[in-house]
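Enquirer: Next up is a structure, given as structure tokens.
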Amino acid sequence: KRNIVLAGAIPPLVELMFSENVSVRIEAVAAVANLAVLSANATDIVAGGGLEPVVDGARLAMSELLDVNDVYEVDENMEELAAQCGRALRNLSANPENRPLIRDLGGVLELRRMLTYPNDRIVSQARRAMKNMEPKKSSRK
């Protein structure tokens, strides 16, 4: 995973995460989520502009999903985009340096919206990301 980032994968993935094609966005966000499990990669992804399209994808997906009145009208691609964005935010937020940036871009708001959505995958990813976002308690007594 580190070699993929070092080979220059971040700029094209960032571009793909802004695609108008939701299926392309899903795959690009999923790739970023996979790469972000390494802390060094998470730092490079954020430095390369990869956090903004993840939050933007979450915002797009949740706006569309929460606007639907009929369960039969739910767009499964939007659910998948929300789940992948939640997973990417979970992995990116594991690096403490990224947490203030996630907050600044509105990522916490999107994670809170995910927590209200009736899809276990989306809620699970959001819950894990929110746990990462919590301030760590000092072990001093």
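Here's how to read the names in the structure tokens: chain A, B, ... by the order shown, residue numbers from 1 in each chain, ligand numbers from 1 in the order shown.
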Could you find all residues in chain A that DSSP calls alpha helix (DSSP H) from the backbone, and write them as a ChimeraX atom specification?
Expert: /A:2-6,10-17,22-35,39-47,51-66,76-93,99-104,107-115,120-133
Enquirer: Those residues you just picked out, can you put them in a file as an mmCIF file, in the first residue's frame with C-alpha atoms?
Expert:
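Result file is part.cif:
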```cif
data_model
loop_
_atom_site.group_PDB
_atom_site.id
_atom_site.type_symbol
_atom_site.label_atom_id
_atom_site.label_comp_id
_atom_site.auth_asym_id
_atom_site.auth_seq_id
_atom_site.Cartn_x
_atom_site.Cartn_y
_atom_site.Cartn_z
ATOM 1 C CA ARG A 2 2.849 2.363 0.761
ATOM 2 C CA ASN A 3 4.463 1.663 -2.614
ATOM 3 C CA ILE A 4 1.218 2.521 -4.391
ATOM 4 C CA VAL A 5 1.167 5.946 -2.741
ATOM 5 C CA LEU A 6 4.879 6.483 -3.386
ATOM 6 C CA ILE A 10 -2.954 10.059 -4.828
ATOM 7 C CA PRO A 11 -3.419 12.764 -7.523
ATOM 8 C CA PRO A 12 -5.348 10.532 -9.952
ATOM 9 C CA LEU A 13 -7.471 9.113 -7.131
ATOM 10 C CA VAL A 14 -8.315 12.635 -5.934
ATOM 11 C CA GLU A 15 -9.407 13.515 -9.464
ATOM 12 C CA LEU A 16 -11.536 10.364 -9.720
ATOM 13 C CA MET A 17 -13.199 11.073 -6.365
ATOM 14 C CA VAL A 22 -21.022 7.850 -8.866
ATOM 15 C CA SER A 23 -19.656 4.368 -9.593
ATOM 16 C CA VAL A 24 -16.245 5.857 -10.355
ATOM 17 C CA ARG A 25 -16.396 7.916 -7.156
ATOM 18 C CA ILE A 26 -17.242 4.831 -5.125
ATOM 19 C CA GLU A 27 -14.249 2.894 -6.453
ATOM 20 C CA ALA A 28 -11.848 5.817 -5.979
ATOM 21 C CA VAL A 29 -13.017 6.426 -2.397
ATOM 22 C CA ALA A 30 -12.742 2.693 -1.679
ATOM 23 C CA ALA A 31 -9.152 2.716 -2.973
ATOM 24 C CA VAL A 32 -8.321 5.713 -0.773
ATOM 25 C CA ALA A 33 -9.924 3.989 2.221
ATOM 26 C CA ASN A 34 -7.778 0.922 1.592
ATOM 27 C CA LEU A 35 -4.597 2.972 1.280
ATOM 28 C CA SER A 39 -0.730 6.199 8.890
ATOM 29 C CA ALA A 40 1.903 7.536 6.493
ATOM 30 C CA ASN A 41 -0.527 7.069 3.624
ATOM 31 C CA ALA A 42 -3.309 8.810 5.544
ATOM 32 C CA THR A 43 -1.008 11.797 5.995
ATOM 33 C CA ASP A 44 -0.087 11.816 2.303
ATOM 34 C CA ILE A 45 -3.725 11.454 1.217
ATOM 35 C CA VAL A 46 -4.751 14.498 3.234
ATOM 36 C CA ALA A 47 -1.691 16.482 2.101
ATOM 37 C CA LEU A 51 -9.854 14.560 2.342
ATOM 38 C CA GLU A 52 -12.054 17.167 0.646
ATOM 39 C CA PRO A 53 -13.523 14.792 -1.972
ATOM 40 C CA VAL A 54 -14.199 12.161 0.709
ATOM 41 C CA VAL A 55 -16.191 14.659 2.795
ATOM 42 C CA ASP A 56 -17.830 16.001 -0.361
ATOM 43 C CA GLY A 57 -18.862 12.464 -1.341
ATOM 44 C CA ALA A 58 -20.305 11.869 2.117
ATOM 45 C CA ARG A 59 -22.207 15.159 1.914
ATOM 46 C CA LEU A 60 -23.586 14.320 -1.541
ATOM 47 C CA ALA A 61 -24.632 10.813 -0.549
ATOM 48 C CA MET A 62 -26.230 11.766 2.751
ATOM 49 C CA SER A 63 -28.063 14.749 1.271
ATOM 50 C CA GLU A 64 -29.585 12.509 -1.359
ATOM 51 C CA LEU A 65 -30.306 9.604 0.999
ATOM 52 C CA LEU A 66 -31.899 11.724 3.717
ATOM 53 C CA GLU A 76 -28.059 1.857 -3.758
ATOM 54 C CA ASN A 77 -25.075 3.621 -5.331
ATOM 55 C CA MET A 78 -25.542 6.507 -2.900
ATOM 56 C CA GLU A 79 -25.679 4.069 -0.005
ATOM 57 C CA GLU A 80 -22.440 2.501 -1.215
ATOM 58 C CA LEU A 81 -20.832 5.924 -1.633
ATOM 59 C CA ALA A 82 -21.858 6.848 1.928
ATOM 60 C CA ALA A 83 -20.472 3.575 3.289
ATOM 61 C CA GLN A 84 -17.150 3.983 1.462
ATOM 62 C CA CYS A 85 -16.827 7.628 2.524
ATOM 63 C CA GLY A 86 -17.527 6.577 6.101
ATOM 64 C CA ARG A 87 -14.844 3.888 5.829
ATOM 65 C CA ALA A 88 -12.381 6.372 4.367
ATOM 66 C CA LEU A 89 -13.128 8.867 7.143
ATOM 67 C CA ARG A 90 -12.707 6.083 9.696
ATOM 68 C CA ASN A 91 -9.256 5.209 8.337
ATOM 69 C CA LEU A 92 -8.152 8.814 7.824
ATOM 70 C CA SER A 93 -9.298 9.785 11.333
ATOM 71 C CA ARG A 99 -8.808 14.984 12.908
ATOM 72 C CA PRO A 100 -8.839 18.805 13.008
ATOM 73 C CA LEU A 101 -8.950 18.887 9.208
ATOM 74 C CA ILE A 102 -11.860 16.451 9.152
ATOM 75 C CA ARG A 103 -13.701 18.725 11.598
ATOM 76 C CA ASP A 104 -12.851 21.860 9.600
ATOM 77 C CA GLY A 107 -16.683 15.636 8.178
ATOM 78 C CA VAL A 108 -18.051 15.260 11.704
ATOM 79 C CA LEU A 109 -21.409 16.687 10.612
ATOM 80 C CA GLU A 110 -21.575 14.133 7.798
ATOM 81 C CA LEU A 111 -20.628 11.319 10.175
ATOM 82 C CA ARG A 112 -23.434 12.417 12.522
ATOM 83 C CA ARG A 113 -25.864 12.344 9.607
ATOM 84 C CA MET A 114 -24.645 8.835 8.754
ATOM 85 C CA LEU A 115 -25.418 7.738 12.310
ATOM 86 C CA ASP A 120 -25.998 -0.927 9.357
ATOM 87 C CA ARG A 121 -22.872 -0.623 7.177
ATOM 88 C CA ILE A 122 -23.102 3.149 7.031
ATOM 89 C CA VAL A 123 -23.816 3.465 10.749
ATOM 90 C CA SER A 124 -20.997 1.077 11.660
ATOM 91 C CA GLN A 125 -18.396 3.014 9.658
ATOM 92 C CA ALA A 126 -19.622 6.338 11.036
ATOM 93 C CA ARG A 127 -19.582 5.044 14.604
ATOM 94 C CA ARG A 128 -16.000 3.836 14.246
ATOM 95 C CA ALA A 129 -14.899 7.123 12.688
ATOM 96 C CA MET A 130 -16.610 9.107 15.453
ATOM 97 C CA LYS A 131 -14.828 6.979 18.054
ATOM 98 C CA ASN A 132 -11.524 7.957 16.419
ATOM 99 C CA MET A 133 -12.565 11.608 16.544
#
```
Enquirer: What gap, in Å, lies between atom CA of A:Glu73 and atom CA of A:Tyr117?
Expert: 14.6 Å
Enquirer: Could you jot down the atom CA of A:Asn98 to atom CA of A:Lys1 separation for me, Å, one decimal place?
Expert: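 Calculated distance between atom CA of A:Asn98 and atom CA of A:Lys1 is 18.8 Å.
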Enquirer: Find, counting only C-alpha atoms, the residue in A:Gly50, A:Ala36, A:Gly8, A:Asn119 that gets nearest to A:Asn95.
Expert: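 Using only C-alpha atoms, A:Asn95 sits closest to A:Ala36.
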Enquirer: Suppose you want the space between atom CA of A:Ala9 and atom CA of A:Leu38; what is it in Å?
Expert: 14.4 Å
